[in-house]
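**Student:** Have a look at the structure that comes next, please.
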Amino acid sequence: MPPGPEVPVQVWVDGQLFQAEQSLLVEHCDFFRGLFRSGMREARAAEVRLGALSASGFRTALRVLRGERPALAADDELLQAVECAAFLQAPALARFLEHSVTSDNCSLLCDAAAAFGLRDVLHSAALFIRDGSHELVAQLELPEARAYVAALRPSTYVAVSTHTPTPGFLEDASRTMCFLDEEEDAWRTLAALPLEASTLLAGVATLGNKLYIVGGVCGASKEVVELGFCYDPEGGTWCEFPSPHQPRYDMALAGFEGRLYAIGGEFQRTPMSSVECYDPATGCWSFVADLPQPATGVPCAQARGRLFVCLWRPADITAVVEYVVQMDKWLPVAELCRSQSYGHFMVAHRDSLYVVRNGPSDDFLHCAIDCLNLVTGQWTSLPGQFVNSKGALFTSVVRGDTVYTVNRVSTLVYAIEDGTWRLLREKAGFPRPGSLQTFLLRLPPGTTGPVATALPEL
């Protein structure tokens with residue numbers, strides 16, 4: 001006979017009764033796993049009393065464990081959730097809190113995580129504060145939280161332009177990564193690219209504060225570079241790692257949940273839908289679920305611990321889909337009808353995805369930006385048009401509540417506020433020609449390098 005339905009566990013918290021599946025509690029909470037394996041009377045009776053927690057915090061925990069994404073706006077809700085994550089030893093709830101950090105709650109979460117010993121939440125909140133304004137640090141109350149933030153390094157805006165292997169020009173000064181020295185308002189050379197590496201049509205992404213390059217091409221026949229390359233800023237060193245099983249270029253590369261994802265791309269002039277996942281711990285690639293359609297150069301962004309890509313479909317449809325690791329599936333999120341144009345990019349901030357594209361009639365100097373609210377599922381268009389000279393907006397990187405963009409003329413920093421991007425300040429432009437890929441890295445203290453100068457025109 002098949003097993004009958006699971007009898008729920010009755011959990012009393014702060015005078016309120018909750019019913020929850022024992023399998024759910026055992027899977028996600030070390031506290032309940034130990035309890036039910038101990039053979040204690042409470043476990044045998046399938047009734048548990050938790051006097052140390054609040055009913056609101058436990059309710060939040062159950063919702064998160066069941067796959068919901070509750071909005072925790074009030075300070076009490078956040079504090080109770082932190083307390084619950086620590087007491088129940090619930091990693092899923094802790095990860096939810098990590099991905100809930102904003103400028104509105106980072107100081108509160110940092111203090112609370114320090115007090116309750118939630119190391120990963122403390123680290124995420126502290127990194128956000130380190131990249132933000134001095135006011136965020138001033139809001140911290142616990143000395144240990146302030147000390148933790150002070151010991152961290154801020155993230156730095158880094159750029160690499162399009163290059164292919166140049167065996168005849170081993171000292172090619174253009175084959176370098178550069179970083180923005182904001183204090184001196186100058187781009188400085190960080191490291192030279194490996195001689196065999198190509199960033200032309202390559203996937204470039206960061207994971208664990210390391211930079212990965214996968215799948216660049218060289219030559220008119222678009223021969224795919226056979227190896228991947230990883231840069232570690234701690235020692236300023238490069239190492240090689242295997243390429244995906246399927247040779248590919250013009251893919252999206254994303255560092256997500258401890259792994260790299262090579263998404264779509266092209267090989268022998270044929271677009272692909274296959275997706276591969278690389279685990280740095282094992283050094284192995286494996287195939288995961290295909291994209292819903294073949295796609296090259298797909299925009300990719302992460303919001304609230306979720307991975308999204310943007311696809312073009314016939315009849316001027318922009319489709320956003322999400323990869324769900326636990327299900328190994330790509331799920332539809334939203335669609336928008338907009339005339340397609342040259343250029344396509346996407347970044348995320350809080351609960352919003354910003355899809356950036358060139359303006360009407362392939363206007364190369366301006367961009368239109370559409371915003372998808374992931375909570376409501378509604379699209380809005382940001383007012384006005386944004387200058388996109390030399391593709392600057394396609395280099396957008398979000399840091400805290402700001403967006404960095406760069407071209408050869410200037411680096412522009414926008415503040416994300418009141419439903420739009422407001423120009424905040426202007427810095428030096430990137431002095432090298434070619435299209436750019438940009439990212440954030442946390443560089444060792446005192447990192448410096450020669451100022452990147454413009455190269456002579458050929």
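Ligands are numbered from 1 in the order shown, chains are lettered A, B, ... in the order of the structure tokens, and residues start at 1 in each chain.
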Compile the contact shell of Ala262 of chain A as a ChimeraX atom specification: residues with an atom at most 12 Å away, counting only C-alpha atoms, same-chain residues fewer than 4 positions apart removed.
**Tutor:** /A:202-205,212-215,228,243-256,266,272-279,285-291,295-298,300,309
**Student:** Residues near segment 363-375 of chain A, anyone? I mean within 9 Å using only C-alpha atoms, not counting same-chain ones fewer than 3 positions away, as a PyMOL selection string.
**Tutor:** chain A and resi 303+333-334+341-343+351-360+378-391+393+419
**Student:** Would you kindly return, as an MDAnalysis selection string, each protein, DNA or RNA residue with an atom no farther than 8 Å from any atom of segment 64-76 of chain A, considering only C-alpha atoms and excluding same-chain residues fewer than 6 positions away?
**Tutor:** chainID A and resid 24 28 92:93 96 105 108
**Student:** Residues of the last selection are to be written out with N, CA, C and O atoms, as a compact mmCIF listing (two decimals), in the first residue's frame.
**Tutor:**
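Result file follows (part_33.txt):
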```txt
# COMPACT_ATOMS: atom_id res chain seq x y z
N LEU A 24 9.30 19.03 5.75
CA LEU A 24 9.74 20.38 5.45
C LEU A 24 10.66 20.90 6.55
O LEU A 24 11.73 21.47 6.29
N HIS A 28 14.90 21.63 6.18
CA HIS A 28 15.42 22.99 6.17
C HIS A 28 15.93 23.51 7.50
O HIS A 28 16.55 24.58 7.54
N ALA A 92 17.90 28.27 4.56
CA ALA A 92 17.05 28.87 3.52
C ALA A 92 16.53 30.23 3.96
O ALA A 92 16.45 31.17 3.16
N LEU A 93 16.16 30.35 5.23
CA LEU A 93 15.69 31.63 5.75
C LEU A 93 16.84 32.63 5.81
O LEU A 93 16.67 33.82 5.49
N PHE A 96 17.42 33.93 2.36
CA PHE A 96 16.37 34.89 2.01
C PHE A 96 16.69 36.26 2.60
O PHE A 96 16.53 37.29 1.93
N ASN A 105 17.45 48.72 5.16
CA ASN A 105 17.49 47.79 6.29
C ASN A 105 18.88 47.23 6.59
O ASN A 105 19.04 46.44 7.52
N LEU A 108 20.25 47.66 10.21
CA LEU A 108 19.49 46.86 11.16
C LEU A 108 19.86 45.38 11.02
O LEU A 108 20.10 44.69 12.03
```
**Student:** Can you list, as a PyMOL selection string, all residues belonging to segment 33-123 of chain A that DSSP tags as alpha helix (DSSP H)?
**Tutor:** chain A and resi 33-38+41-45+55-65+75-88+91-98+106-116+119-123
**Student:** Interatomic distance between atom CA of Asp401 of chain A and atom CA of Val325 of chain A?
**Tutor:**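 Computed distance, atom CA of Asp401 of chain A to atom CA of Val325 of chain A, equals 27.2 Å.
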**Student:** Which residues are near segment 187-197 of chain A? Cut-off 6 Å, only C-alpha atoms, ignore same chain within fewer than 2 positions. Put them as a PyMOL selection string.
**Tutor:** chain A and resi 165+175-181+449-452
**Student:** Find the spatial neighbours of segment 113-124 of chain A, counting only C-alpha atoms, within a cut-off of 9 Å - ignore same-chain residues fewer than 4 positions away - and output them as a VMD selection string.
**Tutor:** chain A and resid 79 82 to 83 85 to 87 94 to 95 97 to 99 101 106 108 to 109 128 to 129 142 144 to 145 148 to 149
**Student:** Please produce a file of the residues just selected, as an mmCIF file, in the first residue's frame, where the atoms kept are N, CA, C and O atoms.
**Tutor:**
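And here is the file that came out, out-v3.cif:
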```cif
data_model
loop_
_atom_site.group_PDB
_atom_site.id
_atom_site.type_symbol
_atom_site.label_atom_id
_atom_site.label_comp_id
_atom_site.auth_asym_id
_atom_site.auth_seq_id
_atom_site.Cartn_x
_atom_site.Cartn_y
_atom_site.Cartn_z
ATOM 1 N N LEU A 79 13.855 41.713 12.512
ATOM 2 C CA LEU A 79 14.520 41.216 13.716
ATOM 3 C C LEU A 79 14.021 39.832 14.097
ATOM 4 O O LEU A 79 14.799 38.942 14.464
ATOM 5 N N VAL A 82 15.459 37.230 11.716
ATOM 6 C CA VAL A 82 16.856 36.931 12.037
ATOM 7 C C VAL A 82 16.927 36.010 13.248
ATOM 8 O O VAL A 82 17.673 35.014 13.261
ATOM 9 N N GLU A 83 16.174 36.330 14.278
ATOM 10 C CA GLU A 83 16.145 35.509 15.489
ATOM 11 C C GLU A 83 15.721 34.081 15.166
ATOM 12 O O GLU A 83 16.302 33.104 15.646
ATOM 13 N N ALA A 85 15.856 32.520 12.198
ATOM 14 C CA ALA A 85 16.859 31.844 11.381
ATOM 15 C C ALA A 85 18.001 31.318 12.239
ATOM 16 O O ALA A 85 18.521 30.215 11.997
ATOM 17 N N ALA A 86 18.387 32.082 13.256
ATOM 18 C CA ALA A 86 19.474 31.660 14.133
ATOM 19 C C ALA A 86 19.048 30.515 15.041
ATOM 20 O O ALA A 86 19.766 29.526 15.199
ATOM 21 N N PHE A 87 17.867 30.607 15.643
ATOM 22 C CA PHE A 87 17.407 29.594 16.590
ATOM 23 C C PHE A 87 17.130 28.268 15.883
ATOM 24 O O PHE A 87 17.545 27.202 16.348
ATOM 25 N N ALA A 94 18.022 32.159 6.187
ATOM 26 C CA ALA A 94 19.190 33.052 6.218
ATOM 27 C C ALA A 94 19.513 33.571 4.809
ATOM 28 O O ALA A 94 19.808 34.755 4.634
ATOM 29 N N ARG A 95 19.444 32.692 3.800
ATOM 30 C CA ARG A 95 19.708 33.142 2.422
ATOM 31 C C ARG A 95 18.663 34.146 1.969
ATOM 32 O O ARG A 95 18.980 35.119 1.272
ATOM 33 N N LEU A 97 17.175 36.294 3.836
ATOM 34 C CA LEU A 97 17.531 37.565 4.465
ATOM 35 C C LEU A 97 18.745 38.196 3.784
ATOM 36 O O LEU A 97 18.798 39.419 3.611
ATOM 37 N N GLU A 98 19.728 37.377 3.385
ATOM 38 C CA GLU A 98 20.880 37.895 2.659
ATOM 39 C C GLU A 98 20.437 38.646 1.403
ATOM 40 O O GLU A 98 20.963 39.717 1.082
ATOM 41 N N HIS A 99 19.477 38.072 0.686
ATOM 42 C CA HIS A 99 19.036 38.672 -0.567
ATOM 43 C C HIS A 99 17.998 39.774 -0.356
ATOM 44 O O HIS A 99 17.533 40.372 -1.332
ATOM 45 N N VAL A 101 18.690 42.404 1.645
ATOM 46 C CA VAL A 101 19.423 43.578 2.136
ATOM 47 C C VAL A 101 19.235 44.751 1.184
ATOM 48 O O VAL A 101 19.399 44.630 -0.032
ATOM 49 N N CYS A 106 19.911 47.619 5.797
ATOM 50 C CA CYS A 106 21.212 46.974 5.929
ATOM 51 C C CYS A 106 21.824 47.146 7.313
ATOM 52 O O CYS A 106 22.430 46.207 7.860
ATOM 53 N N LEU A 108 20.253 47.665 10.209
ATOM 54 C CA LEU A 108 19.490 46.856 11.159
ATOM 55 C C LEU A 108 19.864 45.380 11.024
ATOM 56 O O LEU A 108 20.104 44.689 12.025
ATOM 57 N N LEU A 109 19.920 44.870 9.790
ATOM 58 C CA LEU A 109 20.253 43.467 9.584
ATOM 59 C C LEU A 109 21.685 43.165 10.007
ATOM 60 O O LEU A 109 21.972 42.088 10.549
ATOM 61 N N PHE A 128 27.228 45.396 1.734
ATOM 62 C CA PHE A 128 26.364 46.456 1.196
ATOM 63 C C PHE A 128 26.706 47.794 1.843
ATOM 64 O O PHE A 128 26.820 48.822 1.161
ATOM 65 N N ILE A 129 26.894 47.788 3.164
ATOM 66 C CA ILE A 129 27.228 49.024 3.869
ATOM 67 C C ILE A 129 28.583 49.558 3.415
ATOM 68 O O ILE A 129 28.763 50.767 3.215
ATOM 69 N N LEU A 142 26.169 48.313 17.098
ATOM 70 C CA LEU A 142 27.069 47.391 17.778
ATOM 71 C C LEU A 142 28.514 47.618 17.336
ATOM 72 O O LEU A 142 28.797 47.675 16.142
ATOM 73 N N GLU A 144 30.941 45.530 17.333
ATOM 74 C CA GLU A 144 31.442 44.411 16.525
ATOM 75 C C GLU A 144 30.964 44.493 15.082
ATOM 76 O O GLU A 144 31.669 44.071 14.154
ATOM 77 N N ALA A 145 29.764 45.053 14.875
ATOM 78 C CA ALA A 145 29.280 45.235 13.506
ATOM 79 C C ALA A 145 30.089 46.309 12.796
ATOM 80 O O ALA A 145 30.464 46.152 11.625
ATOM 81 N N TYR A 148 33.438 44.890 11.857
ATOM 82 C CA TYR A 148 33.348 43.948 10.740
ATOM 83 C C TYR A 148 33.283 44.697 9.415
ATOM 84 O O TYR A 148 33.976 44.343 8.453
ATOM 85 N N VAL A 149 32.472 45.746 9.374
ATOM 86 C CA VAL A 149 32.362 46.545 8.147
ATOM 87 C C VAL A 149 33.694 47.205 7.813
ATOM 88 O O VAL A 149 34.138 47.209 6.654
#
```
**Student:** Measure the distance from atom CA of Ser174 of chain A to atom CA of Asn407 of chain A in Å and round it to one decimal.
**Tutor:**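 Taking atom CA of Ser174 of chain A and atom CA of Asn407 of chain A, their separation equals 15.5 Å.
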